[in-house]
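Q: The following block contains the structure, expressed as structure tokens.
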Amino acid sequence: MPVKCSLGIDKSQAFPADLPIPGSGPELFYASRITHHASRITHHASRFTFHVSRITFHVSRFTFHVSRFTFHASERIIMEHTYGPVWVIGEQVNCQVVTVSLQLVGRARTLADELNTSVEVVLLGNHMTDEHVQPLFAAGADRIYMGNDPALELYQPELFTEMIVKLAGDRRPEIMLIGSTFMGRELAPLVAARLDTGLTAHCIDLVLDKDKILEQIIPAYGGLISIVCPEKRPQMATVSKGVFPKPDPDETRTGEIVMLDVPTGMTQRINTLEIIREEPEGVSLESAPIVVAGGAGAGDIEGWQKIEELAKILNAGLGSTRPAVDEGWIELETMIGQSGKMVSPELYIGVGLSGELQHMVGIVGAQVMVAVNNDSKAPVFEQVDYGIVDDCREFVPVLIEKIREHQEKQLTC
Ligand SMILES: Cc1cc2nc3c(=O)[nH]c(=O)nc-3n(C[C@H](O)[C@H](O)[C@H](O)COP(=O)(O)OP(=O)(O)OC[C@H]3O[C@@H](n4cnc5c(N)ncnc54)[C@H](O)[C@@H]3O)c2cc1C
């Protein structure tokens with residue numbers, strides 16, 4: 001059971017209007033806030049049912065003491081919440097919607113159904129057609145806010161932030177999900193800061209609690225914790241590709257496309273001129289049937305090169321832990337785990353790594369797992385199918401030699 005932490009303890013609201021937070025539980029609806037709205041409420045005192053934004057109150061019997069600006073709901077108040085939409089900030093490359101956006105729409109659909117609300121996607125780019133966005137509808141979106149303009153051809157942090165923040169002010173999303181991509185990792189905090197709300201990065205699960213508050217689950221303190229943001233909206237989270245499955249497309253689904261205007265005359269301090277995408281070398285980590293991942297136990301660059309050689313001879317994808325990246329032995333793109341990639345190979349071999357949860361959440365889909373570590377008490381041994389207690393700097397060269405011999409034997413047979 002994850003421990004629960006809370007974001008956004010300030011009772012002020014994310015959105016500028018002085019209305020109750022859509023979807024906040026009755027226990028959060030403080031008397032002081034009711035008092036604050038008393039003058040507005042008296043406006044409608046002649047009616048037994050009145051509507052304040054998207055929250056409906058049904059008051060059976062009531063008394064207003066307007067002179068003291070106090071609303072005594074001494075009898076029964078039944079609150080029926082309606083929730084703002086669940087948002088996904090979509091991403092496209094050359095007009096093709098990226099996988100993580102579709103995966104997030106799938107999870108957004110589940111959350112929206114539980115909240116009885118809609119799924120909306122914001123997608124910014126250029127030259128996009130209805131055909132390009134159909135996969136989003138097929139994955140579960142009800143409405144797409146599309147910006148299609150040369151100014152949006154490349155990701156522009158300030159312009160994208162401006163457009164999303166402005167639209168969020170109008171649409172008041174309950175939840176906003178963003179992929180942990182290079183764009184999402186930068187865009188999410190920019191948007192969260194402007195909306196004055198909380199943000200949980202690299203979530204590994206998202207569920208609603210009994211009060212319909214989003215539990216944003218991350219590995220921390222040696223276990224899982226659930227972060228909640230009960231008093232600010234939207235509840236924002238970033239999620240890596242592969243955390244949620246890609247939903248089975250329902251090609252019969254359609255929805256509404258709303259075109260967005262691009263603000264003119266905005267001065268941007270940062271202008272993206274060009275995006276250069278590097279083709280990853282070697283076997284793709286995400287699709288490789290075998291993954292060899294190395295950690296701090298490699299010791300130095302020579303030790304790391306042996307792990308690299310092992311991956312090569314097995315035609316495996318090469319993964320890493322954070323310390324290996326920090327040491328400069330390998331690029332960040334190879335990091336597996338909460339802030340890295342999610343892999344699900346048939347065989348995973350972890351070499352010289354301790355088995356910290358932040359790494360291990362990235363390999364939950366692996367079928368057979370092997371670890372090499374010189375400490376028999378390393379936590380990784382509790383999580384794998386086969387454990388080898390040995391110094392990897394001695395063991396890996398021998399293993400490479402044995403594999404080579406085996407491969408040569410097979411060639412001559
Ligand atoms: C918010 C957050 C997000 C994070 N995200 C990620 C993430 O996505 N991916 C990730 O990997 N980490 C992530 N981390 C870091 C993570 O918590 C661990 O610090 C990291 O995974 C540990 O890497 P490691 O196992 O290589 O190093 P260590 O924990 O230092 O373990 C090294 C292991 O090598 C063994 N060893 C030492 N020498 C040898 C030898 N000669 N032969 C064999 N074994 C040896 C040791 O016994 C030890 O068990 C994150 C941390 C935070 C706080």
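Simple scheme: letters A, B, ... for chains in structure tokens order, numbers from 1 for residues in each chain, numbers from 1 for ligands in the order shown.
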Among region 156-263 of chain A, which ones does DSSP place in helix (DSSP H, G or I), written as a CSV table (one decimal) with C-alpha atoms, in the first residue's frame?

A:
chain,number,residue,atom,x,y,z
A,157,PRO,CA,8.5,26.3,-24.8
A,158,GLU,CA,7.0,29.7,-24.2
A,159,LEU,CA,4.4,29.6,-27.0
A,160,PHE,CA,3.3,26.1,-26.1
A,161,THR,CA,3.1,27.0,-22.4
A,162,GLU,CA,1.1,30.2,-23.2
A,163,MET,CA,-1.4,28.3,-25.4
A,164,ILE,CA,-1.9,25.4,-22.9
A,165,VAL,CA,-2.2,27.7,-19.9
A,166,LYS,CA,-4.8,29.9,-21.6
A,167,LEU,CA,-6.9,27.0,-22.7
A,168,ALA,CA,-6.6,25.4,-19.3
A,169,GLY,CA,-8.1,28.6,-17.8
A,170,ASP,CA,-11.1,28.2,-20.1
A,171,ARG,CA,-11.5,24.4,-19.9
A,182,PHE,CA,12.2,15.6,-23.9
A,183,MET,CA,9.4,18.1,-24.6
A,184,GLY,CA,7.2,16.9,-21.8
A,185,ARG,CA,9.9,17.1,-19.2
A,186,GLU,CA,10.4,20.7,-19.9
A,187,LEU,CA,6.8,21.7,-20.7
A,188,ALA,CA,5.1,20.2,-17.7
A,189,PRO,CA,6.9,22.3,-15.0
A,190,LEU,CA,6.5,25.4,-17.1
A,191,VAL,CA,2.7,24.8,-17.3
A,192,ALA,CA,2.5,23.8,-13.6
A,193,ALA,CA,4.3,26.9,-12.5
A,194,ARG,CA,2.0,29.1,-14.5
A,195,LEU,CA,-1.1,27.4,-13.2

Q: Select the residues contacting ligand 1 at a distance of at most 6 Å, based on only C-alpha atoms and all ligand atoms, then format the selection as a PDB file with C-alpha atoms, in the first residue's frame.

A:
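Done, and the output landed in out_19.pdb:
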ATOM      1  CA  GLY A 295      25.535  -0.296 -13.124  1.00  0.00           C
ATOM      2  CA  ALA A 296      28.017   1.372 -10.821  1.00  0.00           C
ATOM      3  CA  GLY A 297      29.628  -1.998 -10.075  1.00  0.00           C
ATOM      4  CA  THR A 321      21.515   2.715 -14.268  1.00  0.00           C
ATOM      5  CA  ARG A 322      21.800   6.353 -13.306  1.00  0.00           C
ATOM      6  CA  PRO A 323      25.338   6.123 -11.816  1.00  0.00           C
ATOM      7  CA  MET A 335      18.953   4.573 -18.669  1.00  0.00           C
ATOM      8  CA  ILE A 336      16.281   2.108 -17.616  1.00  0.00           C
ATOM      9  CA  GLY A 337      13.795   2.916 -14.879  1.00  0.00           C
ATOM     10  CA  GLN A 338      11.476   5.489 -13.438  1.00  0.00           C
ATOM     11  CA  SER A 339      13.159   8.429 -15.187  1.00  0.00           C
ATOM     12  CA  GLY A 340      14.383   6.381 -18.087  1.00  0.00           C
ATOM     13  CA  GLY A 352      26.932  -4.655 -11.106  1.00  0.00           C
ATOM     14  CA  LEU A 353      23.715  -2.977 -10.082  1.00  0.00           C
ATOM     15  CA  SER A 354      22.017  -3.040  -6.711  1.00  0.00           C
ATOM     16  CA  GLY A 355      18.358  -3.441  -7.730  1.00  0.00           C
ATOM     17  CA  GLU A 356      17.016  -0.074  -6.530  1.00  0.00           C
ATOM     18  CA  GLN A 358      13.845   3.332  -9.460  1.00  0.00           C
ATOM     19  CA  HIS A 359      15.734   1.062 -11.854  1.00  0.00           C
ATOM     20  CA  VAL A 372      25.549 -10.445 -11.354  1.00  0.00           C
ATOM     21  CA  ASN A 373      26.689  -8.787  -8.144  1.00  0.00           C
ATOM     22  CA  ASN A 374      29.609  -9.376  -5.777  1.00  0.00           C
ATOM     23  CA  ASP A 375      27.458  -8.763  -2.705  1.00  0.00           C
ATOM     24  CA  ALA A 378      22.320  -7.046  -2.738  1.00  0.00           C
ATOM     25  CA  ASP A 390      30.823 -12.721  -8.340  1.00  0.00           C
ATOM     26  CA  ASP A 391      33.000  -9.787  -9.277  1.00  0.00           C
ATOM     27  CA  CYS A 392      31.588  -8.693 -12.632  1.00  0.00           C
ATOM     28  CA  ARG A 393      34.986  -7.545 -13.804  1.00  0.00           C
TER      29      ARG A 393
END

Q: Given the choices A:Cys413, A:Ala311, A:Val370, A:Val325, which gets closest to Pro397 (chain A) if the distance is worked out from only C-alpha atoms?

A: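 Looking at the shortest contact to Pro397 (chain A), the residue is A:Ala311.
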
Q: I need the residue nearest Leu206 (chain A) from this list: A:Lys246, A:Asn116, A:Glu279, A:Leu104. Use only C-alpha atoms for the distance.

A: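 For Leu206 (chain A), the nearest of the given residues is A:Leu104.
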
Q: Between A:Ser226, A:Thr181, A:Gln134, A:Thr197, which is the closest to Thr238 (chain A) once you count only C-alpha atoms?

A: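 Of A:Ser226, A:Thr181, A:Gln134, A:Thr197, the one nearest Thr238 (chain A) is A:Thr181, counting only C-alpha atoms.
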
Q: Could you check which of A:Ile363, A:Cys95, A:Ala220, A:Leu318 is closest to Pro135 (chain A), using only C-alpha atoms?

A: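 Counting only C-alpha atoms, the residue closest to Pro135 (chain A) is A:Cys95.
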
Q: Would you kindly return, as an mmCIF file with C-alpha atoms, in the first residue's frame, each protein, DNA or RNA residue with an atom no farther than 7 Å from any atom of Ala139 (chain A), considering only C-alpha atoms and excluding same-chain residues fewer than 3 positions away?

A:
data_model
loop_
_atom_site.group_PDB
_atom_site.id
_atom_site.type_symbol
_atom_site.label_atom_id
_atom_site.label_comp_id
_atom_site.auth_asym_id
_atom_site.auth_seq_id
_atom_site.Cartn_x
_atom_site.Cartn_y
_atom_site.Cartn_z
ATOM 1 C CA LEU A 102 -1.736 7.205 -27.082
ATOM 2 C CA VAL A 105 -5.085 8.759 -23.658
ATOM 3 C CA GLY A 106 -5.843 5.130 -22.770
ATOM 4 C CA PRO A 135 -5.467 7.446 -33.519
ATOM 5 C CA LEU A 136 -6.180 9.745 -30.551
ATOM 6 C CA PRO A 247 -5.057 0.838 -25.794
ATOM 7 C CA ASP A 248 -6.613 -1.370 -28.446
ATOM 8 C CA PRO A 249 -7.755 1.135 -31.051
ATOM 9 C CA ASP A 250 -11.492 1.480 -31.555
#

Q: Just the residues within 12 Å of Lys341 (chain A), please, counting only C-alpha atoms, with nothing from its chain fewer than 3 positions along; format it as a ChimeraX atom specification.

A: /A:100,180-181,202,204,239-243,284-287,291,293,317-322,332-338,344,358-365

Q: CA of Leu115 (chain A) to CA of Arg172 (chain A): how many Å, to one decimal?

A: 14.3 Å

Q: Give the answer as one residue: which of A:Val343, A:Leu124, A:Val86, A:Ala237 has the shortest atom-to-atom distance to Ala108 (chain A), using only C-alpha atoms?

A: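 Among the listed residues, A:Val86 lies closest to Ala108 (chain A).
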
Q: When DSSP works through the backbone of this structure, what residues of region 56-193 of chain A end up as strand (DSSP E), shown as a ChimeraX atom specification?

A: /A:56-59,63-65,70-72,77-80,86-89,92-93,96-97,119-125,143-148,175-179

Q: Go ahead and save the residues from that selection, with N, CA and C atoms, as a compact mmCIF listing (two decimals), in the first residue's frame.

A:
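Okay, this is what ended up in out.txt:
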# COMPACT_ATOMS: atom_id res chain seq x y z
N THR A 56 -23.28 21.69 -8.39
CA THR A 56 -24.71 21.90 -8.14
C THR A 56 -25.02 21.56 -6.70
N PHE A 57 -25.70 22.46 -6.02
CA PHE A 57 -26.12 22.20 -4.65
C PHE A 57 -27.63 21.95 -4.66
N HIS A 58 -28.04 20.96 -3.95
CA HIS A 58 -29.47 20.77 -3.73
C HIS A 58 -29.72 20.99 -2.25
N VAL A 59 -30.36 22.07 -1.91
CA VAL A 59 -30.56 22.43 -0.51
C VAL A 59 -32.02 22.18 -0.17
N THR A 63 -31.05 28.54 5.57
CA THR A 63 -31.19 29.88 6.14
C THR A 63 -29.98 30.69 5.70
N PHE A 64 -30.17 31.89 5.27
CA PHE A 64 -29.05 32.78 4.97
C PHE A 64 -29.05 33.95 5.95
N HIS A 65 -27.95 34.20 6.59
CA HIS A 65 -27.82 35.42 7.41
C HIS A 65 -26.92 36.34 6.63
N THR A 70 -22.91 34.95 6.49
CA THR A 70 -22.70 33.54 6.86
C THR A 70 -23.82 32.70 6.28
N PHE A 71 -23.47 31.60 5.73
CA PHE A 71 -24.46 30.71 5.14
C PHE A 71 -24.57 29.50 6.07
N HIS A 72 -25.70 29.40 6.77
CA HIS A 72 -25.90 28.26 7.67
C HIS A 72 -26.62 27.16 6.91
N ILE A 77 -27.17 19.25 2.91
CA ILE A 77 -26.65 19.71 1.63
C ILE A 77 -26.12 18.49 0.90
N ILE A 78 -26.63 18.27 -0.26
CA ILE A 78 -26.10 17.16 -1.07
C ILE A 78 -25.32 17.80 -2.20
N MET A 79 -24.07 17.46 -2.30
CA MET A 79 -23.25 18.06 -3.36
C MET A 79 -23.07 17.05 -4.48
N GLU A 80 -23.37 17.45 -5.65
CA GLU A 80 -23.11 16.60 -6.81
C GLU A 80 -21.97 17.23 -7.57
N VAL A 86 -10.40 15.28 -18.35
CA VAL A 86 -9.04 14.77 -18.15
C VAL A 86 -8.27 15.11 -19.42
N TRP A 87 -7.18 15.80 -19.24
CA TRP A 87 -6.39 16.28 -20.38
C TRP A 87 -5.15 15.42 -20.61
N VAL A 88 -4.80 15.31 -21.87
CA VAL A 88 -3.49 14.78 -22.25
C VAL A 88 -2.85 15.83 -23.15
N ILE A 89 -1.64 16.21 -22.82
CA ILE A 89 -0.90 17.09 -23.73
C ILE A 89 -0.22 16.15 -24.73
N GLN A 92 3.58 15.05 -31.20
CA GLN A 92 3.69 14.40 -32.50
C GLN A 92 5.10 14.63 -33.04
N VAL A 93 5.55 13.71 -33.87
CA VAL A 93 6.81 13.89 -34.59
C VAL A 93 6.46 13.69 -36.06
N GLN A 96 3.01 12.50 -36.78
CA GLN A 96 2.58 11.20 -36.24
C GLN A 96 2.53 11.30 -34.71
N VAL A 97 1.37 10.97 -34.15
CA VAL A 97 1.22 11.04 -32.69
C VAL A 97 2.16 10.00 -32.05
N VAL A 119 -12.40 13.09 -22.13
CA VAL A 119 -10.95 13.12 -22.38
C VAL A 119 -10.68 14.12 -23.48
N GLU A 120 -9.81 15.07 -23.17
CA GLU A 120 -9.45 16.07 -24.18
C GLU A 120 -7.94 16.05 -24.39
N VAL A 121 -7.55 16.21 -25.65
CA VAL A 121 -6.12 16.21 -25.97
C VAL A 121 -5.77 17.57 -26.57
N VAL A 122 -4.65 18.10 -26.15
CA VAL A 122 -4.14 19.32 -26.80
C VAL A 122 -2.97 18.88 -27.67
N LEU A 123 -3.03 19.18 -28.93
CA LEU A 123 -1.98 18.74 -29.85
C LEU A 123 -1.55 19.93 -30.70
N LEU A 124 -0.27 20.27 -30.59
CA LEU A 124 0.24 21.43 -31.31
C LEU A 124 1.25 20.98 -32.36
N GLY A 125 1.17 21.55 -33.53
CA GLY A 125 2.08 21.18 -34.62
C GLY A 125 1.72 21.94 -35.87
N ARG A 143 -12.34 14.90 -27.51
CA ARG A 143 -12.17 16.20 -28.17
C ARG A 143 -10.67 16.47 -28.30
N ILE A 144 -10.30 17.07 -29.44
CA ILE A 144 -8.90 17.43 -29.63
C ILE A 144 -8.81 18.93 -29.89
N TYR A 145 -8.02 19.59 -29.10
CA TYR A 145 -7.72 20.99 -29.35
C TYR A 145 -6.44 21.02 -30.16
N MET A 146 -6.59 21.44 -31.42
CA MET A 146 -5.46 21.32 -32.33
C MET A 146 -4.94 22.70 -32.73
N GLY A 147 -3.64 22.88 -32.56
CA GLY A 147 -2.97 24.07 -33.07
C GLY A 147 -2.21 23.64 -34.30
N ASN A 148 -2.54 24.21 -35.44
CA ASN A 148 -1.92 23.80 -36.70
C ASN A 148 -1.38 25.06 -37.35
N ILE A 175 -7.46 16.91 -14.46
CA ILE A 175 -6.18 16.19 -14.49
C ILE A 175 -5.47 16.56 -15.78
N MET A 176 -4.16 16.70 -15.74
CA MET A 176 -3.39 16.95 -16.97
C MET A 176 -2.20 15.98 -17.01
N LEU A 177 -2.17 15.14 -18.04
CA LEU A 177 -1.10 14.14 -18.18
C LEU A 177 -0.19 14.52 -19.34
N ILE A 178 1.11 14.37 -19.11
CA ILE A 178 2.10 14.73 -20.13
C ILE A 178 3.14 13.61 -20.19
N GLY A 179 3.56 13.25 -21.38
CA GLY A 179 4.59 12.21 -21.55
C GLY A 179 5.93 12.70 -21.03

Q: Mind pulling up the distance from CA of Gly282 (chain A) to CA of Gly299 (chain A)?

A: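 Distance reported for this atom pair: 22.9 Å.
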